[in-house]
Structure formats: C-alpha cells, structure tokens
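In what follows, a single structure is set out as structure tokens and then discussed.
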Amino acid sequence: MKKILMSVAALFMGWSMVSAQTDLFFSEYIEGTKGNNKALEIYNGTDADIDLSAYTIKQDNNGKGWKYETALTGTLKKGTALVLLHKSSDATLLAAYPDAIKPETDVMNFNGDDAMGLFKGEELIDIIGISGKQEEYGKDVDMKRKCDATAPSATYNVEDWDVVALTAGEFVLSEYDGLGTHCGSAPAED
C-alpha cells in the first residue's frame, strides 16, 4: 500500500511539475462588437509572483510594426490574472472591473487585425495574431487560451484558443464574465 501511495504521489508531483507555466502569457482577448469594449487578460501560472516592470504590451498596427505600447508595473501574484481594458470602454464594463489597467496609450485600440504582443525586455514572448501582416483574426470575438497552455508562444496558433463570437452590434456585459480568472484562477489583487 505504501508503494502505491508513493507512486501516486510521484505521479501527481510529476504532473504538477509538467503543468507549471514557464512565464506570463495572454489568456484572454476580447474585441467587442460595439465601441471600445476591448479587453486583454494576462495570466501568471508560474510558481512565483512576477515583477511586471520587465514586461510591455505592444500592438502591431495593421501589420506595419509595433507602433503602440504600454509598460506594465506592479507585481502579478502566482495563480492570478491581470485585466486590461480600453480606457473608453462602456461605463458598465469599467465599473465591473474597477481594478483593471486602463492604458493611456493607444495599445488597446486593436480591431481584430492588429497583432498584440507581450514582451519581456525586448523579446517577444507571446502573441495574438500575426505580426507584419494585416489579417483579420479576432474581430467581434472573445478568445480564451485553452486551459492546458503552459507556456507563452511567439507564434500565433488559433488552435491554442477557444473562440466565441460576440453579440453583433451590442454591448452585453455577461459576455465579459470570467474575465480576470483564467481557467478558474483567482483574480489579481492590488
């Protein structure tokens, strides 16, 4: 019996080590169908709190290069997700996520054909969309990173995401439910 328990414990420890995330990554992208109701979520599934001062989010506007950016600050605790909203989002959305970051730069002015990059220093570590090319990949959708993701990727693959179309021409707050809690994680705290 003792050997069986030790084997089960070793299996569980091995699984948890394999499933540990290697760095921050984008875990959700929402490009709302009405107005500036845009959101990004960044998840920390590593085994440590992360100082965000080394990270920036950049937008490749219309495939013409990384034109807009915003530096991140503070600390993202392990197992939590950080939310960014467009500063001109619907007042109801802003009120629902009062702790969200609302960049003053134009980085959140994406419209479904602008690649979004997460950089650590000068290195692109994660991307949504295709850099250097104006190709529609995320218009009027909610894209959630699949729960089995364990690492950021500098190459966009739609198979890594669950994509749901949003209600055409309307802002529906319930379509933003779960933002800030990637795959059951806790929301980030100030």
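All residue names refer to the structure tokens as shown: chains lettered A, B, ... in order, residues numbered from 1 in each chain, ligands numbered from 1 in order.
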task = Pick out each residue of chain A that DSSP on the backbone tags as strand (DSSP E); I need them as an MDAnalysis selection string.
result = chainID A and resid 25:31 38:44 50:51 55:60 66:71 75:76 80:85 115:120 123:128 141:145 161:165 186:187
ask   = Which residues, written as a PyMOL selection string, have at least one atom at most 12 Å from A:Trp161, with only C-alpha atoms counted and residues fewer than 3 positions away on the same chain left out?
value = chain A and resi 26-29+127-129+137-138+141-149+156-158+164
Residue subset to file, keeping C-alpha atoms, as a PDB file, in the first residue's frame:
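Output file part09.pdb is given in full below:
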ATOM      1  CA  PHE A  26      -2.106  36.265 -22.818  1.00  0.00           C
ATOM      2  CA  SER A  27      -5.023  34.199 -21.567  1.00  0.00           C
ATOM      3  CA  GLU A  28      -7.966  36.148 -22.987  1.00  0.00           C
ATOM      4  CA  TYR A  29      -8.620  38.654 -25.776  1.00  0.00           C
ATOM      5  CA  ILE A 127       1.462  36.926 -29.430  1.00  0.00           C
ATOM      6  CA  ILE A 128      -2.158  37.074 -30.515  1.00  0.00           C
ATOM      7  CA  GLY A 129      -2.494  37.495 -34.289  1.00  0.00           C
ATOM      8  CA  TYR A 137      -8.137  37.001 -36.833  1.00  0.00           C
ATOM      9  CA  GLY A 138     -10.049  38.450 -33.914  1.00  0.00           C
ATOM     10  CA  VAL A 141     -14.850  37.753 -30.618  1.00  0.00           C
ATOM     11  CA  ASP A 142     -13.879  36.531 -27.183  1.00  0.00           C
ATOM     12  CA  MET A 143     -10.768  34.351 -27.398  1.00  0.00           C
ATOM     13  CA  LYS A 144      -9.802  32.330 -24.318  1.00  0.00           C
ATOM     14  CA  ARG A 145      -6.483  30.483 -24.130  1.00  0.00           C
ATOM     15  CA  LYS A 146      -7.075  26.773 -23.641  1.00  0.00           C
ATOM     16  CA  CYS A 147      -6.558  25.583 -20.066  1.00  0.00           C
ATOM     17  CA  ASP A 148      -3.776  23.152 -20.977  1.00  0.00           C
ATOM     18  CA  ALA A 149      -1.494  26.013 -22.080  1.00  0.00           C
ATOM     19  CA  TYR A 156       0.175  32.609 -33.061  1.00  0.00           C
ATOM     20  CA  ASN A 157      -1.840  29.405 -33.453  1.00  0.00           C
ATOM     21  CA  VAL A 158      -5.649  29.652 -33.437  1.00  0.00           C
ATOM     22  CA  VAL A 164     -16.666  32.646 -29.378  1.00  0.00           C
TER      23      VAL A 164
END
query = If we count only C-alpha atoms, what is near A:Ala54 at a cut-off of 10 Å, once residues fewer than 5 positions away on the same chain are taken out, given as a list in words?
reply = Ala71, Leu72, Thr73, Phe119, Lys120, Gly121 and Glu122 of chain A
task = Pick out the residues sitting within 7 Å of A:Leu84, and hand them over as number ranges by chain; count only C-alpha atoms, and ignore anything fewer than 2 positions along from it in its own chain.
result = A: 39-41, 82, 86, 100-102
Next, dump the selected residues to file, keeping only N, CA, C and O atoms, as a PDB file, in the first residue's frame.
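Saved the output as selection_38.pdb:
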ATOM      1  N   ALA A  39     -10.662  44.109 -24.307  1.00  0.00           N
ATOM      2  CA  ALA A  39     -10.024  43.636 -23.082  1.00  0.00           C
ATOM      3  C   ALA A  39      -8.912  42.650 -23.406  1.00  0.00           C
ATOM      4  O   ALA A  39      -8.989  41.913 -24.389  1.00  0.00           O
ATOM      5  N   LEU A  40      -7.900  42.654 -22.566  1.00  0.00           N
ATOM      6  CA  LEU A  40      -6.844  41.647 -22.581  1.00  0.00           C
ATOM      7  C   LEU A  40      -6.702  41.112 -21.172  1.00  0.00           C
ATOM      8  O   LEU A  40      -6.918  41.837 -20.198  1.00  0.00           O
ATOM      9  N   GLU A  41      -6.317  39.856 -21.090  1.00  0.00           N
ATOM     10  CA  GLU A  41      -6.048  39.228 -19.791  1.00  0.00           C
ATOM     11  C   GLU A  41      -4.673  38.575 -19.888  1.00  0.00           C
ATOM     12  O   GLU A  41      -4.366  37.926 -20.889  1.00  0.00           O
ATOM     13  N   LEU A  82      -4.321  39.307 -14.735  1.00  0.00           N
ATOM     14  CA  LEU A  82      -4.376  40.759 -14.813  1.00  0.00           C
ATOM     15  C   LEU A  82      -5.270  41.148 -15.991  1.00  0.00           C
ATOM     16  O   LEU A  82      -5.182  40.548 -17.059  1.00  0.00           O
ATOM     17  N   HIS A  86      -9.833  48.939 -22.492  1.00  0.00           N
ATOM     18  CA  HIS A  86      -9.709  50.211 -23.209  1.00  0.00           C
ATOM     19  C   HIS A  86     -10.242  51.305 -22.273  1.00  0.00           C
ATOM     20  O   HIS A  86     -11.283  51.128 -21.633  1.00  0.00           O
ATOM     21  N   ALA A 100      -8.981  46.955 -13.178  1.00  0.00           N
ATOM     22  CA  ALA A 100      -8.338  46.747 -14.477  1.00  0.00           C
ATOM     23  C   ALA A 100      -7.406  47.908 -14.803  1.00  0.00           C
ATOM     24  O   ALA A 100      -7.668  49.053 -14.433  1.00  0.00           O
ATOM     25  N   ILE A 101      -6.350  47.591 -15.524  1.00  0.00           N
ATOM     26  CA  ILE A 101      -5.445  48.617 -16.033  1.00  0.00           C
ATOM     27  C   ILE A 101      -6.094  49.224 -17.267  1.00  0.00           C
ATOM     28  O   ILE A 101      -6.614  48.506 -18.122  1.00  0.00           O
ATOM     29  N   LYS A 102      -6.060  50.542 -17.350  1.00  0.00           N
ATOM     30  CA  LYS A 102      -6.627  51.248 -18.496  1.00  0.00           C
ATOM     31  C   LYS A 102      -5.519  52.114 -19.099  1.00  0.00           C
ATOM     32  O   LYS A 102      -5.372  53.282 -18.736  1.00  0.00           O
TER      33      LYS A 102
END
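The nearest approach to A:Ser174 among the residues A:Glu159, A:Thr150, A:Thr105, A:Ala96, with only C-alpha atoms taken into account, belongs to A:Ala96.
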